[in-house]
$ cat target_38.txt   # compact mmCIF, C-alpha atoms
# COMPACT_ATOMS: atom_id res chain seq x y z
CA MET A 10 14.01 35.08 -3.26
CA LYS A 11 12.36 35.52 -6.63
CA PRO A 12 10.27 32.70 -8.10
CA ILE A 13 11.98 30.82 -10.96
CA ALA A 14 9.26 28.67 -12.43
CA SER A 15 7.82 31.18 -14.76
CA GLY A 16 8.26 31.91 -18.35
CA PHE A 17 10.76 29.18 -18.57
CA TRP A 18 10.84 29.39 -22.31
CA ARG A 19 9.92 33.05 -22.30
CA ARG A 20 12.50 35.57 -23.37
CA THR A 21 12.34 37.53 -20.12
CA PRO A 22 15.04 36.52 -17.62
CA ALA A 23 12.64 36.70 -14.67
CA TYR A 24 10.64 33.63 -13.70
CA THR A 25 6.99 33.86 -12.63
CA PRO A 26 5.06 30.74 -11.61
CA SER A 27 2.00 31.74 -13.57
CA GLU A 28 3.81 31.70 -16.91
CA VAL A 29 5.31 28.22 -16.85
CA SER A 30 4.48 25.78 -19.67
CA VAL A 31 6.32 22.86 -21.34
CA HIS A 32 5.67 19.31 -22.62
CA PHE A 33 6.49 15.49 -23.47
CA SER A 34 5.34 11.75 -23.50
CA GLY A 35 6.22 8.09 -23.31
CA SER A 36 7.01 4.48 -22.54
CA VAL A 37 7.29 1.13 -24.38
CA SER A 38 10.44 -0.88 -25.05
CA ALA A 39 11.73 -1.28 -28.58
CA SER A 40 12.11 -4.86 -29.65
CA LEU A 41 15.29 -5.96 -31.34
CA PRO A 42 15.62 -6.50 -35.08
CA LYS A 43 16.79 -9.95 -36.07
CA ALA A 44 20.53 -10.33 -36.48
CA GLU A 45 20.37 -11.29 -40.11
CA ASN A 46 18.46 -8.13 -40.93
CA GLN A 47 20.96 -6.01 -39.05
CA ILE A 48 23.83 -7.67 -40.87
CA THR A 49 22.13 -6.84 -44.15
CA ALA A 50 21.70 -3.27 -42.98
CA THR A 51 25.36 -3.09 -42.04
CA ALA A 52 26.45 -4.51 -45.36
CA LYS A 53 24.55 -1.75 -47.12
CA GLN A 54 26.25 1.00 -45.14
CA PRO A 55 27.89 3.49 -47.51
CA GLN A 56 31.64 3.14 -47.10
CA ALA A 57 33.13 5.84 -49.22
CA GLU A 58 36.82 6.58 -49.47
CA ASN A 59 38.16 6.33 -45.95
CA THR A 60 40.01 9.28 -44.49
CA SER A 61 40.03 8.13 -40.86
CA PRO A 62 43.14 7.41 -38.85
CA ASP A 63 44.31 3.82 -39.13
CA ARG A 64 44.00 0.81 -36.90
CA GLY A 65 46.69 -1.73 -36.13
CA ALA A 66 47.98 -4.36 -38.52
CA SER A 67 46.02 -7.02 -36.67
CA ASN A 68 42.78 -5.24 -37.54
CA PRO A 69 42.18 -5.00 -41.30
CA PRO A 70 41.32 -3.04 -43.30
CA LYS A 71 44.09 -0.51 -42.75
CA LYS A 72 43.34 3.14 -43.05
CA ASP A 73 45.27 6.23 -44.08
CA GLU A 74 46.18 8.36 -41.13
CA THR A 75 44.92 11.92 -41.01
CA GLU A 76 45.45 13.02 -37.44
CA LYS A 77 45.12 16.47 -36.10
CA SER A 78 44.72 16.58 -32.35
CA THR A 79 42.40 19.39 -31.35
CA ASP A 80 40.25 19.87 -28.32
CA SER A 81 36.72 18.56 -28.80
CA SER A 82 35.42 21.76 -27.28
CA THR A 83 36.49 23.65 -30.40
CA ARG A 84 34.03 21.82 -32.64
CA SER A 85 32.01 24.96 -33.19
CA SER A 86 32.57 24.54 -36.92
CA ASP A 87 30.03 21.72 -36.77
CA SER A 88 26.87 23.09 -38.32
CA SER A 89 24.78 20.78 -36.11
CA ASN A 90 22.37 20.39 -38.97
CA HIS A 91 21.23 16.80 -38.67
CA ASN A 92 19.45 16.45 -42.00
CA ASN A 93 20.84 13.38 -43.72
CA ASN A 94 21.40 14.66 -47.22
CA SER A 95 23.21 11.42 -48.05
CA ILE A 96 20.04 9.37 -47.52
CA GLY A 97 18.46 8.64 -50.88
CA ASP A 98 14.92 9.43 -51.98
CA ALA A 99 13.93 5.77 -51.84
CA ALA A 100 15.01 5.47 -48.20
CA GLN A 101 13.15 8.65 -47.32
CA GLU A 102 10.02 7.30 -48.97
CA ARG A 103 10.32 4.09 -46.94
CA PHE A 104 10.64 6.14 -43.76
CA HIS A 105 7.63 8.21 -44.67
CA ALA A 106 5.60 5.07 -45.30
CA VAL A 107 6.58 3.55 -41.94
CA VAL A 108 6.14 6.57 -39.65
CA THR A 109 2.80 7.57 -41.19
CA GLU A 110 1.20 4.14 -40.80
CA SER A 111 -1.81 3.99 -38.50
CA ASN A 112 0.16 1.44 -36.45
CA VAL A 113 3.92 1.70 -36.86
CA ASP A 114 5.82 -1.53 -37.48
CA LEU A 115 8.50 -1.10 -34.83
CA VAL A 116 10.79 -3.80 -36.19
CA GLN A 117 10.74 -2.23 -39.64
CA LEU A 118 11.40 1.21 -38.12
CA GLN A 119 14.41 -0.19 -36.26
CA ARG A 120 15.79 -1.75 -39.43
CA LEU A 121 15.48 1.50 -41.34
CA SER A 122 16.81 3.63 -38.48
CA TRP A 123 19.95 1.53 -38.11
CA LYS A 124 21.21 2.96 -41.40
CA GLY A 125 20.43 6.57 -40.47
CA ILE A 126 17.22 8.55 -40.14
CA PRO A 127 16.32 11.40 -42.54
CA GLY A 128 16.30 14.69 -40.66
CA GLN A 129 12.63 15.44 -41.23
CA TYR A 130 11.61 12.15 -39.59
CA ARG A 131 14.23 11.94 -36.83
CA SER A 132 12.27 13.63 -34.06
CA THR A 133 9.27 11.33 -34.53
CA ALA A 134 11.42 8.24 -35.09
CA TRP A 135 13.48 8.80 -31.92
CA GLN A 136 10.35 9.24 -29.85
CA LEU A 137 8.87 6.05 -31.29
CA LEU A 138 12.07 4.07 -30.80
CA LEU A 139 12.34 5.19 -27.19
CA GLY A 140 8.75 4.23 -26.55
CA TYR A 141 7.79 7.79 -25.72
CA LEU A 142 5.26 7.99 -28.55
CA PRO A 143 2.66 5.22 -28.98
CA LEU A 144 2.92 3.18 -32.14
CA ASN A 145 -0.77 3.83 -32.74
CA LYS A 146 -1.06 7.11 -34.63
CA ARG A 147 -4.41 8.10 -33.13
CA ARG A 148 -2.99 7.91 -29.60
CA ARG A 149 0.03 10.13 -30.23
CA GLU A 150 -1.46 13.59 -29.93
CA PRO A 151 -3.41 12.81 -26.74
CA THR A 152 -0.25 11.24 -25.30
CA LEU A 153 1.84 14.28 -26.15
CA GLN A 154 -0.68 16.62 -24.60
CA ARG A 155 -0.86 14.56 -21.42
CA LYS A 156 2.90 14.16 -21.00
CA ARG A 157 3.62 17.79 -21.79
CA LYS A 158 1.07 18.89 -19.23
CA GLU A 159 2.59 16.48 -16.71
CA TYR A 160 5.98 18.06 -17.23
CA ASP A 161 4.48 21.54 -17.06
CA ASP A 162 2.87 20.70 -13.71
CA MET A 163 6.15 19.23 -12.48
CA VAL A 164 8.03 22.42 -13.30
CA ARG A 165 5.39 24.56 -11.61
CA GLN A 166 5.49 22.44 -8.48
CA THR A 167 9.29 22.27 -8.38
CA PHE A 168 10.18 25.86 -9.17
CA GLY A 169 7.02 27.74 -8.21
CA ARG A 170 8.29 28.64 -4.74
CA GLY A 171 11.59 30.07 -5.93
CA GLU A 172 15.22 29.00 -5.65
CA GLY A 173 15.05 28.91 -1.86
CA SER A 174 12.91 25.76 -2.02
CA LEU A 175 15.44 23.84 -4.15
CA ASP A 176 18.21 21.51 -3.05
CA ARG A 177 21.03 24.05 -2.96
CA ALA A 178 23.90 21.67 -3.67
CA LEU A 179 22.13 20.02 -6.59
CA TRP A 180 20.94 23.29 -8.11
CA HIS A 181 24.40 24.83 -7.71
CA GLN A 182 26.08 21.89 -9.49
CA ILE A 183 23.62 21.99 -12.38
CA ARG A 184 24.00 25.76 -12.76
CA ILE A 185 27.78 25.25 -12.97
CA ASP A 186 27.63 22.36 -15.45
CA VAL A 187 25.09 23.67 -17.94
CA PRO A 188 27.26 26.52 -19.31
CA ARG A 189 30.10 24.00 -19.67
CA THR A 190 27.99 21.66 -21.78
CA THR A 191 29.94 21.02 -24.97
CA SER A 192 27.98 20.33 -28.13
CA GLY A 193 29.40 22.41 -30.96
CA SER A 194 26.06 24.12 -31.54
CA ALA A 195 25.63 27.82 -30.82
CA ILE A 196 22.06 27.30 -29.61
CA PHE A 197 23.45 25.97 -26.33
CA ARG A 198 25.02 29.34 -25.63
CA SER A 199 21.52 30.81 -25.55
CA GLU A 200 20.42 31.78 -22.03
CA ARG A 201 16.95 30.59 -22.92
CA VAL A 202 18.18 27.12 -23.83
CA GLN A 203 20.45 26.95 -20.79
CA ARG A 204 17.55 27.74 -18.45
CA SER A 205 15.65 24.92 -20.15
CA LEU A 206 18.51 22.46 -19.59
CA GLU A 207 18.67 23.45 -15.92
CA ARG A 208 14.99 22.75 -15.38
CA ILE A 209 15.12 19.40 -17.16
CA LEU A 210 18.17 18.21 -15.23
CA TYR A 211 16.86 19.34 -11.86
CA CYS A 212 13.44 17.75 -12.40
CA TRP A 213 15.04 14.51 -13.55
CA ALA A 214 17.35 14.36 -10.53
CA ALA A 215 14.48 15.12 -8.16
CA ARG A 216 12.48 12.21 -9.61
CA HIS A 217 15.44 9.80 -9.42
CA PRO A 218 16.94 10.10 -5.94
CA ALA A 219 18.66 6.70 -6.21
CA SER A 220 21.06 8.12 -8.75
CA GLY A 221 20.50 11.86 -8.62
CA TYR A 222 22.34 14.20 -10.95
CA VAL A 223 25.75 13.04 -12.15
CA GLN A 224 28.09 15.14 -14.26
CA GLY A 225 27.79 13.94 -17.84
CA ILE A 226 24.01 13.67 -17.85
CA ASN A 227 23.95 17.28 -19.03
CA ASP A 228 25.77 16.15 -22.20
CA LEU A 229 23.23 13.38 -22.85
CA LEU A 230 20.49 15.97 -23.02
CA THR A 231 21.95 17.97 -25.90
CA PRO A 232 21.12 15.60 -28.79
CA PHE A 233 17.45 15.56 -27.79
CA VAL A 234 17.17 19.33 -27.48
CA SER A 235 18.97 19.83 -30.77
CA VAL A 236 16.95 17.26 -32.71
CA PHE A 237 13.60 18.44 -31.36
CA LEU A 238 14.37 22.08 -32.13
CA GLU A 239 15.96 21.37 -35.52
CA PRO A 240 12.75 21.54 -37.61
CA HIS A 241 11.98 24.97 -36.17
CA LEU A 242 15.38 26.64 -36.53
CA GLU A 243 16.31 28.59 -39.64
CA GLU A 244 19.92 28.53 -38.45
CA HIS A 245 21.83 27.15 -35.49
CA THR A 246 22.61 30.41 -33.76
CA GLU A 247 22.06 31.85 -30.32
CA SER A 248 19.69 34.48 -31.69
CA ALA A 249 17.63 31.86 -33.54
CA ALA A 250 17.14 29.95 -30.29
CA GLU A 251 16.08 33.11 -28.50
CA ALA A 252 13.54 33.86 -31.25
CA LEU A 253 11.78 30.48 -31.13
CA ASN A 254 8.04 30.41 -30.73
CA ASP A 255 7.21 29.86 -27.04
CA ASP A 256 4.95 26.87 -27.64
CA VAL A 257 7.54 25.17 -29.86
CA ALA A 258 10.26 25.73 -27.29
CA ALA A 259 8.06 24.51 -24.46
CA ALA A 260 7.18 21.33 -26.34
CA ALA A 261 10.84 20.65 -27.12
CA GLU A 262 11.77 21.08 -23.47
CA ALA A 263 9.11 18.68 -22.25
CA ASP A 264 9.84 16.13 -24.97
CA SER A 265 13.55 16.29 -24.17
CA PHE A 266 12.85 15.64 -20.50
CA TRP A 267 10.80 12.52 -21.19
CA CYS A 268 13.18 11.16 -23.81
CA LEU A 269 16.15 11.69 -21.50
CA THR A 270 14.19 9.80 -18.86
CA ARG A 271 13.56 6.90 -21.22
CA LEU A 272 17.22 6.81 -22.24
CA LEU A 273 18.52 6.84 -18.66
CA ASP A 274 16.01 4.20 -17.56
CA GLY A 275 17.99 1.76 -19.69
CA ILE A 276 21.39 2.68 -18.28
CA GLN A 277 20.53 3.92 -14.80
CA ASP A 278 23.23 1.86 -13.07
CA ASN A 279 25.74 3.99 -14.99
CA TYR A 280 24.77 6.83 -12.67
CA THR A 281 23.93 5.23 -9.33
CA HIS A 282 26.44 5.22 -6.46
CA ALA A 283 29.92 4.15 -7.65
CA GLN A 284 28.53 3.92 -11.21
CA PRO A 285 28.73 0.10 -11.49
CA GLY A 286 27.29 0.07 -15.01
CA VAL A 287 30.17 2.17 -16.33
CA LEU A 288 32.72 -0.02 -14.56
CA ARG A 289 31.24 -3.21 -16.03
CA GLN A 290 31.38 -1.79 -19.54
CA ILE A 291 35.00 -0.74 -19.07
CA VAL A 292 35.97 -4.27 -18.00
CA LYS A 293 34.11 -5.73 -20.98
CA MET A 294 35.72 -3.25 -23.33
CA LYS A 295 39.17 -4.16 -22.03
CA GLU A 296 38.51 -7.88 -22.58
CA LEU A 297 37.18 -7.19 -26.06
CA VAL A 298 40.19 -5.14 -27.12
CA ALA A 299 42.53 -7.86 -25.83
CA ARG A 300 40.81 -10.40 -28.06
CA ILE A 301 40.67 -8.24 -31.17
CA ASP A 302 44.06 -6.51 -30.97
CA ALA A 303 46.43 -8.24 -28.55
CA PRO A 304 49.46 -6.07 -29.49
CA LEU A 305 47.56 -2.89 -28.61
CA ALA A 306 46.26 -4.35 -25.35
CA GLN A 307 49.77 -5.45 -24.39
CA HIS A 308 51.23 -2.06 -25.27
CA LEU A 309 48.69 -0.20 -23.16
CA GLU A 310 49.41 -2.50 -20.24
CA ALA A 311 53.17 -2.16 -20.67
CA GLU A 312 52.86 1.63 -20.61
CA GLY A 313 50.71 1.48 -17.48
CA VAL A 314 47.61 2.85 -19.21
CA GLU A 315 44.40 1.89 -17.44
CA PHE A 316 41.19 1.83 -19.47
CA MET A 317 39.55 3.75 -16.65
CA GLN A 318 41.72 6.75 -17.53
CA PHE A 319 40.07 7.30 -20.91
CA ALA A 320 37.09 4.96 -21.31
CA PHE A 321 35.19 6.21 -18.26
CA ARG A 322 34.27 9.44 -20.03
CA TRP A 323 33.53 7.64 -23.30
CA ILE A 324 30.91 5.51 -21.54
CA ASN A 325 29.66 8.06 -19.02
CA CYS A 326 29.02 10.66 -21.75
CA LEU A 327 28.31 8.21 -24.61
CA LEU A 328 31.20 9.63 -26.70
CA LEU A 329 29.52 13.02 -26.88
CA ARG A 330 32.74 14.78 -25.93
CA GLU A 331 34.77 12.85 -28.48
CA VAL A 332 32.55 13.23 -31.55
CA SER A 333 30.73 16.26 -32.98
CA LEU A 334 27.04 16.72 -32.25
CA SER A 335 25.93 15.98 -35.81
CA ASN A 336 27.97 12.76 -35.87
CA THR A 337 26.69 11.84 -32.42
CA VAL A 338 23.12 12.23 -33.65
CA ARG A 339 23.87 9.82 -36.49
CA MET A 340 25.35 7.30 -34.04
CA TRP A 341 22.28 7.60 -31.86
CA ASP A 342 20.06 6.65 -34.82
CA THR A 343 21.77 3.26 -34.73
CA CYS A 344 22.02 2.95 -30.94
CA LEU A 345 18.29 3.62 -30.58
CA ALA A 346 17.60 0.92 -33.17
CA GLU A 347 19.82 -1.60 -31.36
CA PRO A 348 18.66 -3.58 -28.34
CA ASP A 349 20.57 -2.29 -25.32
CA GLY A 350 22.11 0.17 -27.73
CA PHE A 351 23.53 2.48 -25.05
CA SER A 352 24.91 -0.32 -22.89
CA SER A 353 25.89 -3.50 -24.70
CA PHE A 354 26.29 -2.10 -28.23
CA HIS A 355 27.96 1.04 -26.92
CA THR A 356 30.72 -1.16 -25.46
CA TYR A 357 31.50 -2.43 -28.95
CA LEU A 358 31.30 1.11 -30.27
CA CYS A 359 33.89 2.29 -27.75
CA ALA A 360 36.14 -0.66 -28.56
CA ALA A 361 35.92 0.11 -32.29
CA PHE A 362 36.67 3.76 -31.51
CA LEU A 363 39.84 2.83 -29.62
CA LEU A 364 40.96 0.34 -32.26
CA ARG A 365 40.61 3.04 -34.90
CA TRP A 366 43.79 4.62 -33.52
CA SER A 367 45.71 1.40 -32.90
CA ARG A 368 48.70 1.99 -35.18
CA SER A 369 49.32 5.47 -33.79
CA LEU A 370 48.92 4.38 -30.18
CA LEU A 371 51.52 1.65 -30.61
CA THR A 372 54.15 4.35 -31.19
CA MET A 373 53.25 6.41 -28.11
CA ASP A 374 54.33 6.38 -24.48
CA PHE A 375 52.03 6.74 -21.47
CA GLN A 376 51.69 10.51 -21.49
CA GLN A 377 51.19 10.72 -25.25
CA ILE A 378 48.52 8.00 -25.15
CA ILE A 379 46.54 9.71 -22.40
CA VAL A 380 46.66 13.12 -24.10
CA PHE A 381 45.70 11.59 -27.45
CA LEU A 382 42.74 9.60 -26.12
CA GLN A 383 41.42 12.53 -24.13
CA ARG A 384 41.37 14.62 -27.32
CA PRO A 385 41.01 12.19 -30.24
CA PRO A 386 41.33 13.85 -33.67
CA THR A 387 37.74 13.55 -34.87
CA ASP A 388 37.07 17.17 -35.84
CA ALA A 389 37.35 16.35 -39.54
CA TRP A 390 35.20 13.24 -39.37
CA ARG A 391 32.57 12.92 -42.06
CA ALA A 392 29.46 10.76 -42.30
CA GLU A 393 31.52 7.98 -43.88
CA ASP A 394 33.75 7.77 -40.82
CA VAL A 395 30.77 7.33 -38.54
CA GLU A 396 29.20 4.74 -40.83
CA LEU A 397 32.43 2.76 -40.81
CA LEU A 398 32.73 2.97 -37.03
CA LEU A 399 29.17 1.69 -36.59
CA SER A 400 29.76 -1.14 -39.06
CA GLU A 401 32.93 -2.20 -37.25
CA ALA A 402 31.15 -2.10 -33.88
CA TYR A 403 28.38 -4.28 -35.24
CA MET A 404 30.89 -6.70 -36.75
CA TYR A 405 32.57 -7.09 -33.35
CA LYS A 406 29.20 -7.64 -31.74
CA CYS A 407 28.37 -10.41 -34.21
CA LEU A 408 31.76 -12.05 -33.68
CA TYR A 409 32.13 -11.79 -29.92
CA HIS A 410 28.78 -11.22 -28.23
CA GLY A 411 27.81 -14.37 -26.35
CA SER A 412 31.13 -16.05 -27.13
CA PRO A 413 31.82 -18.59 -24.34
CA SER A 414 35.23 -17.14 -23.52
CA HIS A 415 34.13 -13.55 -23.93
CA TYR A 416 32.92 -11.42 -21.05
CA ALA A 417 33.88 -14.15 -18.62
CA THR A 418 34.02 -13.26 -14.97
CA THR A 419 37.26 -11.44 -14.41
CA THR A 420 39.12 -9.89 -11.54
CA ALA A 421 41.07 -7.63 -13.83
CA ARG A 422 40.93 -3.93 -13.09
CA PRO A 423 39.30 -1.63 -15.66
$ encode --input "target_38.txt" --output "C-alpha cells"
Amino acid sequence: MKPIASGFWRRTPAYTPSEVSVHFSGSVSASLPKAENQITATAKQPQAENTSPDRGASNPPKKDETEKSTDSSTRSSDSSNHNNNSIGDAAQERFHAVVTESNVDLVQLQRLSWKGIPGQYRSTAWQLLLGYLPLNKRRREPTLQRKRKEYDDMVRQTFGRGEGSLDRALWHQIRIDVPRTTSGSAIFRSERVQRSLERILYCWAARHPASGYVQGINDLLTPFVSVFLEPHLEEHTESAAEALNDDVAAAAEADSFWCLTRLLDGIQDNYTHAQPGVLRQIVKMKELVARIDAPLAQHLEAEGVEFMQFAFRWINCLLLREVSLSNTVRMWDTCLAEPDGFSSFHTYLCAAFLLRWSRSLLTMDFQQIIVFLQRPPTDAWRAEDVELLLSEAYMYKCLYHGSPSHYATTTARP
C-alpha cells in the first residue's frame, strides 16, 4: 500500500511521507456586540430594489416574485469572488484601521464585520473572529507557525504509514463525499484541492471521536478553503488551483483545518450521535415560524409537511446547499460576528429564509412544497437579497429571542 501523506499540496498524485507540509492556528471566543450597536448596523444595511421572491401577507414588506427553480448544484455561474465591491472606501479604511492595530478591538471588529467584510481583510478577520489568530499583532506570526507545524505533524503521523493504517469505513466515506461537495467554484474540482479536503476531514474526525465525520461537514469546509485561497488566485479555475504555490496552498489547508475546528466546537452537538443540536434548532424554528406567520405554519401542517423534511439540511449544512458560495461567505461574515451565530442566530436565519417564500408556499400542495424547498430559487440572488435576509433574521431575533412564550418546552415533533 503506497504512503499517502506526502506532497499533499504537491502537484504529483503520489504521496510520500517526507514531503508533507501544511499549517494553521487558534482559540479564543468572540464576545458579543451590544444589541443596540447591532441594531444600528442592521439599520444601515443597504436595501436596494428588492428582486427576491415574496413572503406572506402577514409578513411585510411584500416582495415581487421572481422564482426560477433550479438545482443548487448548477450554481457554477457563481464567480466565487468574495471581494465586496459594494463596501465603500470609508468602511474599508475602518477595517484597515481595526485589523492593523497592535491589539485588535474585538467588539469593534464584530460590529464592522456584521455589515460585510471587504475581501482583502476577510481571511484575517475570520481568523480573528473565530479566535484562531491572537488579537495581539506581535503574537500572530508565531501562532501561525506553531499551529501550521502542528497540523503538518498531524498529517505526517496520520497518513505517513499509508492508506492501510486508516479507518477504512471513515476514509471510504470521505473519499466518496469530497467529489460531491457542492460549492459553485471550479477550484473544488481540482484533484489537488480535493486531496486537501480529504486530509482535513479525516484528521478532524480522528481528533473528534465523539462525533466523528458526518455528511455535511465537507460542505462547511468549502468557505474556509475558498476565502483563504482567494487572495492568491488570479481566477477561480481548476488550473489556477493546481498552479498555486506549494507554501500558500499548505498554509491554506492548515488554516482551514483549524478554523473548521473552531467553528464545529461551537456546534458540535449538531454532529454527535442522533444530532440533537440540529433537532433542537428545527423545533425552535418551527415554533418561531408559527409565531411570525401562522397561516404558513397551518398550511404546512395541513399538507403534512414536517420541518424535518427540509430544515434538517438547512441546519446541518448551514444553508450552503441552498445559497451560492459567494452569498454564503457574506452570510458567514455576519454569523461570525454574532454570538452563537451558527446555532442561535442561524435558527432565525433559516426561519427568515423559509418565510421569504411564504406566499408561494401557500399555493402549493405537499409534493410541490417539498420539491420547492429542496431546490429554492436562489440562483439569481444578489448581495441585496442576502443583506435583506440577514436584516430580517436579526429583526426576528430582537423580537422573539428570550420572549417568555418563545422556545418554551414543547413535545411537538420537528
$ closest_residue --input "target_38.txt" --among "A:Asp228, A:Glu393, A:Asp186, A:Glu200" --to "Cys326 (chain A)" --atoms "all atoms listed in the file"
A:Asp228
$ atom_distance --input "target_38.txt" --atom1 "CA of Gly193 (chain A)" --atom2 "CA of Gly221 (chain A)"
26.3 Å
$ atom_distance --input "target_38.txt" --atom1 "CA of Ser220 (chain A)" --atom2 "CA of Arg157 (chain A)"
23.8 Å
$ closest_residue --input "target_38.txt" --among "A:Arg165, A:Arg204, A:Arg271, A:Lys124" --to "Phe233 (chain A)" --atoms "all atoms listed in the file"
A:Arg271
$ closest_atom_pairs --input "target_38.txt" --of "region 328-373 of chain A" --to "region 291-298 of chain A" --cutoff "10 Å" --atoms "all atoms listed in the file" --output "tab-separated table"
residue	atom	partner	partner_atom	distance
A:Ser353	CA	A:Lys293	CA	9.3
A:His355	CA	A:Met294	CA	9.6
A:Thr356	CA	A:Met294	CA	5.8
A:Tyr357	CA	A:Met294	CA	7.1
A:Leu358	CA	A:Met294	CA	9.3
A:Cys359	CA	A:Met294	CA	7.3
A:Ala360	CA	A:Met294	CA	5.9
A:Ala361	CA	A:Val298	CA	8.5
A:Leu363	CA	A:Val298	CA	8.4
A:Leu364	CA	A:Val298	CA	7.6
$ closest_residue --input "target_38.txt" --among "A:Ser192, A:Ser111, A:Thr167, A:Asn325" --to "Thr231 (chain A)" --atoms "all atoms listed in the file"
A:Ser192
$ closest_residue --input "target_38.txt" --among "A:Ile378, A:Ala215, A:Val202, A:Met404" --to "Phe168 (chain A)" --atoms "only C-alpha atoms"
A:Ala215
$ atom_distance --input "target_38.txt" --atom1 "CA of Ser248 (chain A)" --atom2 "CA of Val234 (chain A)"
15.9 Å
$ closest_residue --input "target_38.txt" --among "A:Ser265, A:Asn227, A:Gln318, A:Gln129" --to "Glu239 (chain A)" --atoms "all atoms listed in the file"
A:Gln129
